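Okay, structure first, notes after.
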Amino acid sequence: MNTRIIIFLHLVFVLPALVNGQTTAQVIPKPQKMELAQGVFKITPATSILSQKELLTSAKQLKGYLEPALGYDLAVNPKSGKKNVINLKLDKSLVQLGEEGYKLGITPDNITLAAFSEKGIFWGIQTLRQLLPAPIFREAQVQEISWEIPCLKIEDCPRFKWRGVMLDCSRTFITKEEIKKYLEAMSLFKMNVLHMHLTDDQGWRLEIKKYPELSSISSRFHESFKEPKEYEGFYSQDDIRELIKFAAQRNIMIVPEIEMPGHTTEVFAAFPQLSCKGDTNKIHPWTKGYGVHNEVFCAGNEQTFEFLQNVLNEVSALFPSEYIHIGGDEAPKMHWKACPKCQKRMADEGLKDENELQSWFVKRIEKYLNSKGKKLIGWDEIMEGGLSKSATVMYWRGWVKDVPQKVAALGNNIIMTPTSHCYFDYTYEKISTERVYSFNPVPPGFDEKFVEKVLGVQANFWSHLDRTPPRIDRQLFPRLLALAEVAWTNNDKKDWNDFKVRLQSKLKSLEILGISYTIGNY
Ligand code: ACM
Ligand code: ZN
């Protein structure tokens with residue numbers, strides 16, 4: 001474009017927008033519908049929050065978000081005042097925007113945030129926070145700033161209901177404080193599921209009262225590897241309750257993953273009798289041994305199921321999530337082939353091969369979980385020996401292209417986390433932010449009638465290589481913001497160049513939230 005045209009376009013579009021403060025109307029994920037208008041709403045000490053009785057908690061939450069940086073009180077439901085108010089309303093007529101949708105109207109006089117449910121109000125509040133200058137995220141009063149919000153109208157709702165992040169807490173223990181930091185950032189960008197990968201070969205990270213050895217032995221690297229102490233440990237059940245509460249206050253569900261039948265050698269460090277060969281394992285860091293071990297739970301031994309059911313009793317009682325993830329990936333079958341107990345099980349159950357034995361294993365666990373009122377999720381290998389009717393499949397093997405279509409054709413739900421776009425342990429050279437952004441969780445050619453089987457999308461972060469908080473942050477950010485938009489915004493509304501501009505405006509907020517991120521090399 002020639003320079004004179006660019007200057008002209010700036011004068012006509014950009015300058016008036018700047019004068020009106022409109023360039024700050026930069027929200028991630030991009031709202032489905034947004035119309036900018038003239039002017040700004042200004043938060044001042046005279047601003048108050050109005051809410052119905054049912055939304056008092058939301059009103060207090062909004063006040064709590066804003067007051068530290070403002071440095072003054074915002075009155076909630078004062079006796080008088082119809083102007084200069086932020087009005088929160090439940091409106092049943094907004095049912096067409098769904099449980100999580102919201103409508104936001106900002107004029108110089110008032111802000112009105114309406115939604116069908118409290119969840120929608122919460123996401124609308126996140127939009128409101130993003131519309132304010134980034135210092136609003138500071139924990140202490142910020143002087144000499146005008147807290148202006150551009151006038152606009154937004155109608156918004158998510159494309160997918162599962163907008164997830166998986167953190168691998170096993171390969172490297174991730175502290176409760178770090179997890180809270182991620183929950184805070186996730187909620188700001190409207191992500192609503194934290195999948196905690198709590199068990200794997202590098203350590204069992206969840207207190208199980210019935211089996212204290214899981215905390216005392218299975219959560220520790222073998223001393224011969226001289227691993228830093230901060231890479232190991234476990235969450236007490238009280239820690240988990242604290243995280244669940246913190247997450248729920250931010251509209252996030254925590255889904256636990258307890259791996260089986262493979263990726264379980266940390267269990268055999270304490271309970272060797274539960275594997276086919278009965279060997280004791282020394283827990284090693286990922287880089288100093290096999291990534292996938294041949295030892296798996298013995299499927300012919302009833303003690304395996306007694307152990308797992310006891311564990312799942314506590315897990316089901318602890319986590320309110322309707323879903324429990326049971327892993328199911330990368331379980332080599334060589335020991336099952338050689339184990340008399342496993343072979344007897346196959347004969348007794350009429351199973352033709354070890355893949356069917358794995359499916360039998362998973363279905364037995366699923367039945368148990370269902371009896372506790374829970375639904376099972378597994379990595380996509382759970383379909384190899386026959387999938388149950390009700391399991392949800394988490395698709396990760398991006399190179400097995402026909403999995404989504406097959407799962408949906410069977411009528412099962414699927415969550416998209418393929419290695420091609422969603423593996424955030426991979427380098428930015430391999431999966432750039434732009435590549436993440438380009439992802440469409442409904443694959444091209446996907447049959448229209450199966451679209452509703454795609455529950456959503458998730459970023460998976462495996463902690464085997466990047467093991468310190470700043471490095472984990474940089475693997476996640478800014479890619480997570482791109483995935484947030486993939487998960488929330490309709491595909492036809494996405495635009496990479498527009499996203500890049502909005503992303504720039506969010507980097508300051510990330511810094512204030514104490515998050516490191518990768519710059520350049522998107
Ligand atoms: C996986 O990456 N093994 C699920
Ligand atoms: Zn066996």
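Each chain in the structure tokens gets a letter, A, B and so on, in the order shown; residues start at 1 in every chain, and ligands are counted from 1 in the order they appear.
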Helix (DSSP H, G or I) residues, from DSSP on the backbone, in segment 308-388 of chain A, as an MDAnalysis selection string: chainID A and resid 308:318 334:338 340:349 354:371 380:383
How close does each residue of chain A get to ligand 1, giving the shortest atom pair and distance in Å to one decimal for every residue with an atom at most 8 Å away, counting only C-alpha atoms and all ligand atoms, sorted by chain and residue number, as JSON lines?
{"residue": "A:Gly327", "atom": "CA", "partner": "ligand 1", "partner_atom_place_in_ligand_line": "4 (C)", "distance": 7.4}
{"residue": "A:Asp329", "atom": "CA", "partner": "ligand 1", "partner_atom_place_in_ligand_line": "3 (N)", "distance": 5.5}
{"residue": "A:Glu330", "atom": "CA", "partner": "ligand 1", "partner_atom_place_in_ligand_line": "3 (N)", "distance": 6.1}
{"residue": "A:Trp379", "atom": "CA", "partner": "ligand 1", "partner_atom_place_in_ligand_line": "4 (C)", "distance": 5.9}
{"residue": "A:Trp396", "atom": "CA", "partner": "ligand 1", "partner_atom_place_in_ligand_line": "4 (C)", "distance": 5.8}
{"residue": "A:Arg397", "atom": "CA", "partner": "ligand 1", "partner_atom_place_in_ligand_line": "2 (O)", "distance": 7.4}
{"residue": "A:Thr419", "atom": "CA", "partner": "ligand 1", "partner_atom_place_in_ligand_line": "2 (O)", "distance": 7.7}
{"residue": "A:Asn460", "atom": "CA", "partner": "ligand 1", "partner_atom_place_in_ligand_line": "2 (O)", "distance": 8.0}
{"residue": "A:Trp462", "atom": "CA", "partner": "ligand 1", "partner_atom_place_in_ligand_line": "2 (O)", "distance": 7.8}
Surrounding residues as number ranges by chain, ligand 2, max 6 Å, only C-alpha atoms and all ligand atoms: A: 276, 298-300, 336, 339, 341-342
Export N, CA, C and O atoms of the chosen residues as a tab-separated table (two decimals), in the first residue's frame?
chain	number	residue	atom	x	y	z
A	276	CYS	N	3.21	-57.40	36.54
A	276	CYS	CA	3.22	-58.81	36.16
A	276	CYS	C	4.45	-59.53	36.70
A	276	CYS	O	4.36	-60.64	37.20
A	298	CYS	N	-0.67	-55.60	36.41
A	298	CYS	CA	-1.07	-56.95	35.99
A	298	CYS	C	-2.61	-56.98	35.92
A	298	CYS	O	-3.30	-56.73	36.91
A	299	ALA	N	-3.09	-57.30	34.73
A	299	ALA	CA	-4.55	-57.30	34.52
A	299	ALA	C	-5.19	-58.60	35.00
A	299	ALA	O	-6.42	-58.70	35.06
A	300	GLY	N	-4.34	-59.59	35.35
A	300	GLY	CA	-4.89	-60.86	35.81
A	300	GLY	C	-4.94	-60.96	37.32
A	300	GLY	O	-5.45	-61.94	37.86
A	336	TRP	N	2.16	-58.63	29.56
A	336	TRP	CA	0.85	-59.30	29.55
A	336	TRP	C	0.92	-60.58	28.71
A	336	TRP	O	0.31	-61.59	29.04
A	339	CYS	N	2.64	-63.20	30.88
A	339	CYS	CA	2.16	-63.40	32.27
A	339	CYS	C	1.04	-64.44	32.32
A	339	CYS	O	-0.01	-64.26	31.68
A	341	LYS	N	-1.08	-65.08	34.64
A	341	LYS	CA	-2.33	-64.54	35.20
A	341	LYS	C	-3.08	-63.72	34.14
A	341	LYS	O	-4.31	-63.80	34.04
A	342	CYS	N	-2.34	-62.92	33.38
A	342	CYS	CA	-3.00	-62.10	32.34
A	342	CYS	C	-3.56	-63.01	31.24
A	342	CYS	O	-4.67	-62.77	30.73
DSSP strand (DSSP E) residues within segment 261-370 of chain A, listed as a ChimeraX atom specification: /A:323-327
Using the selection just defined, write its residues with N, CA, C and O atoms as an mmCIF file, in the first residue's frame.
data_model
loop_
_atom_site.group_PDB
_atom_site.id
_atom_site.type_symbol
_atom_site.label_atom_id
_atom_site.label_comp_id
_atom_site.auth_asym_id
_atom_site.auth_seq_id
_atom_site.Cartn_x
_atom_site.Cartn_y
_atom_site.Cartn_z
ATOM 1 N N TYR A 323 -15.826 -35.769 35.650
ATOM 2 C CA TYR A 323 -14.897 -36.602 34.873
ATOM 3 C C TYR A 323 -13.698 -37.027 35.700
ATOM 4 O O TYR A 323 -13.155 -36.232 36.475
ATOM 5 N N ILE A 324 -13.266 -38.276 35.464
ATOM 6 C CA ILE A 324 -11.952 -38.712 35.966
ATOM 7 C C ILE A 324 -11.209 -39.306 34.779
ATOM 8 O O ILE A 324 -11.768 -40.096 34.016
ATOM 9 N N HIS A 325 -9.963 -38.873 34.597
ATOM 10 C CA HIS A 325 -9.135 -39.324 33.479
ATOM 11 C C HIS A 325 -8.305 -40.509 33.977
ATOM 12 O O HIS A 325 -7.694 -40.430 35.042
ATOM 13 N N ILE A 326 -8.307 -41.596 33.232
ATOM 14 C CA ILE A 326 -7.568 -42.788 33.691
ATOM 15 C C ILE A 326 -6.351 -43.092 32.801
ATOM 16 O O ILE A 326 -5.828 -44.203 32.832
ATOM 17 N N GLY A 327 -5.908 -42.114 32.038
ATOM 18 C CA GLY A 327 -4.722 -42.335 31.204
ATOM 19 C C GLY A 327 -5.038 -43.319 30.089
ATOM 20 O O GLY A 327 -5.880 -43.058 29.244
#
Set the distance at 8 Å and use only C-alpha atoms: which residues neighbour Trp496 of chain A once local chain neighbours fewer than 3 positions away are removed? I'd like the list as a JSON list (two decimals) with N, CA and C atoms, in the first residue's frame.
[["chain", "number", "residue", "atom", "x", "y", "z"],
["A", 434, "GLU", "N", 1.57, -19.06, 16.11],
["A", 434, "GLU", "CA", 0.73, -18.94, 14.91],
["A", 434, "GLU", "C", 0.15, -20.31, 14.53],
["A", 437, "TYR", "N", -2.62, -21.09, 16.79],
["A", 437, "TYR", "CA", -3.77, -20.24, 16.43],
["A", 437, "TYR", "C", -4.53, -20.79, 15.23],
["A", 438, "SER", "N", -3.78, -21.44, 14.33],
["A", 438, "SER", "CA", -4.41, -21.92, 13.09],
["A", 438, "SER", "C", -5.26, -23.18, 13.30],
["A", 499, "PHE", "N", -5.14, -10.86, 15.88],
["A", 499, "PHE", "CA", -4.78, -11.50, 17.16],
["A", 499, "PHE", "C", -3.42, -11.00, 17.64],
["A", 500, "LYS", "N", -2.46, -10.90, 16.69],
["A", 500, "LYS", "CA", -1.10, -10.48, 17.06],
["A", 500, "LYS", "C", -1.11, -9.11, 17.74]]
Show me, as a CSV table (one decimal) with N, CA, C and O atoms, in the first residue's frame, the residues that have an atom within 7 Å of Gly101 of chain A when counting only C-alpha atoms, minus same-chain residues fewer than 3 positions from it.
chain,number,residue,atom,x,y,z
A,97,LEU,N,-27.6,-17.5,24.5
A,97,LEU,CA,-26.2,-17.4,24.5
A,97,LEU,C,-25.6,-18.5,25.4
A,97,LEU,O,-24.4,-18.6,25.5
A,98,GLY,N,-26.5,-19.3,25.9
A,98,GLY,CA,-26.0,-20.5,26.6
A,98,GLY,C,-25.6,-20.2,28.1
A,98,GLY,O,-25.7,-19.0,28.5
A,115,ALA,N,-26.4,-11.9,31.9
A,115,ALA,CA,-26.1,-13.2,31.4
A,115,ALA,C,-27.2,-14.1,31.9
A,115,ALA,O,-28.0,-13.8,32.8
A,120,GLY,N,-21.8,-16.9,33.1
A,120,GLY,CA,-21.7,-15.9,32.0
A,120,GLY,C,-21.2,-14.6,32.6
A,120,GLY,O,-20.4,-13.9,32.0
A,156,ASP,N,-21.5,-12.4,23.5
A,156,ASP,CA,-20.4,-13.3,23.5
A,156,ASP,C,-20.8,-14.7,24.1
A,156,ASP,O,-21.6,-14.7,25.0
A,157,CYS,N,-20.3,-15.7,23.5
A,157,CYS,CA,-20.5,-17.1,24.1
A,157,CYS,C,-19.4,-18.0,23.5
A,157,CYS,O,-18.9,-17.7,22.4
A,158,PRO,N,-19.0,-19.1,24.2
A,158,PRO,CA,-17.9,-19.9,23.7
A,158,PRO,C,-18.3,-20.9,22.6
A,158,PRO,O,-19.5,-21.3,22.6
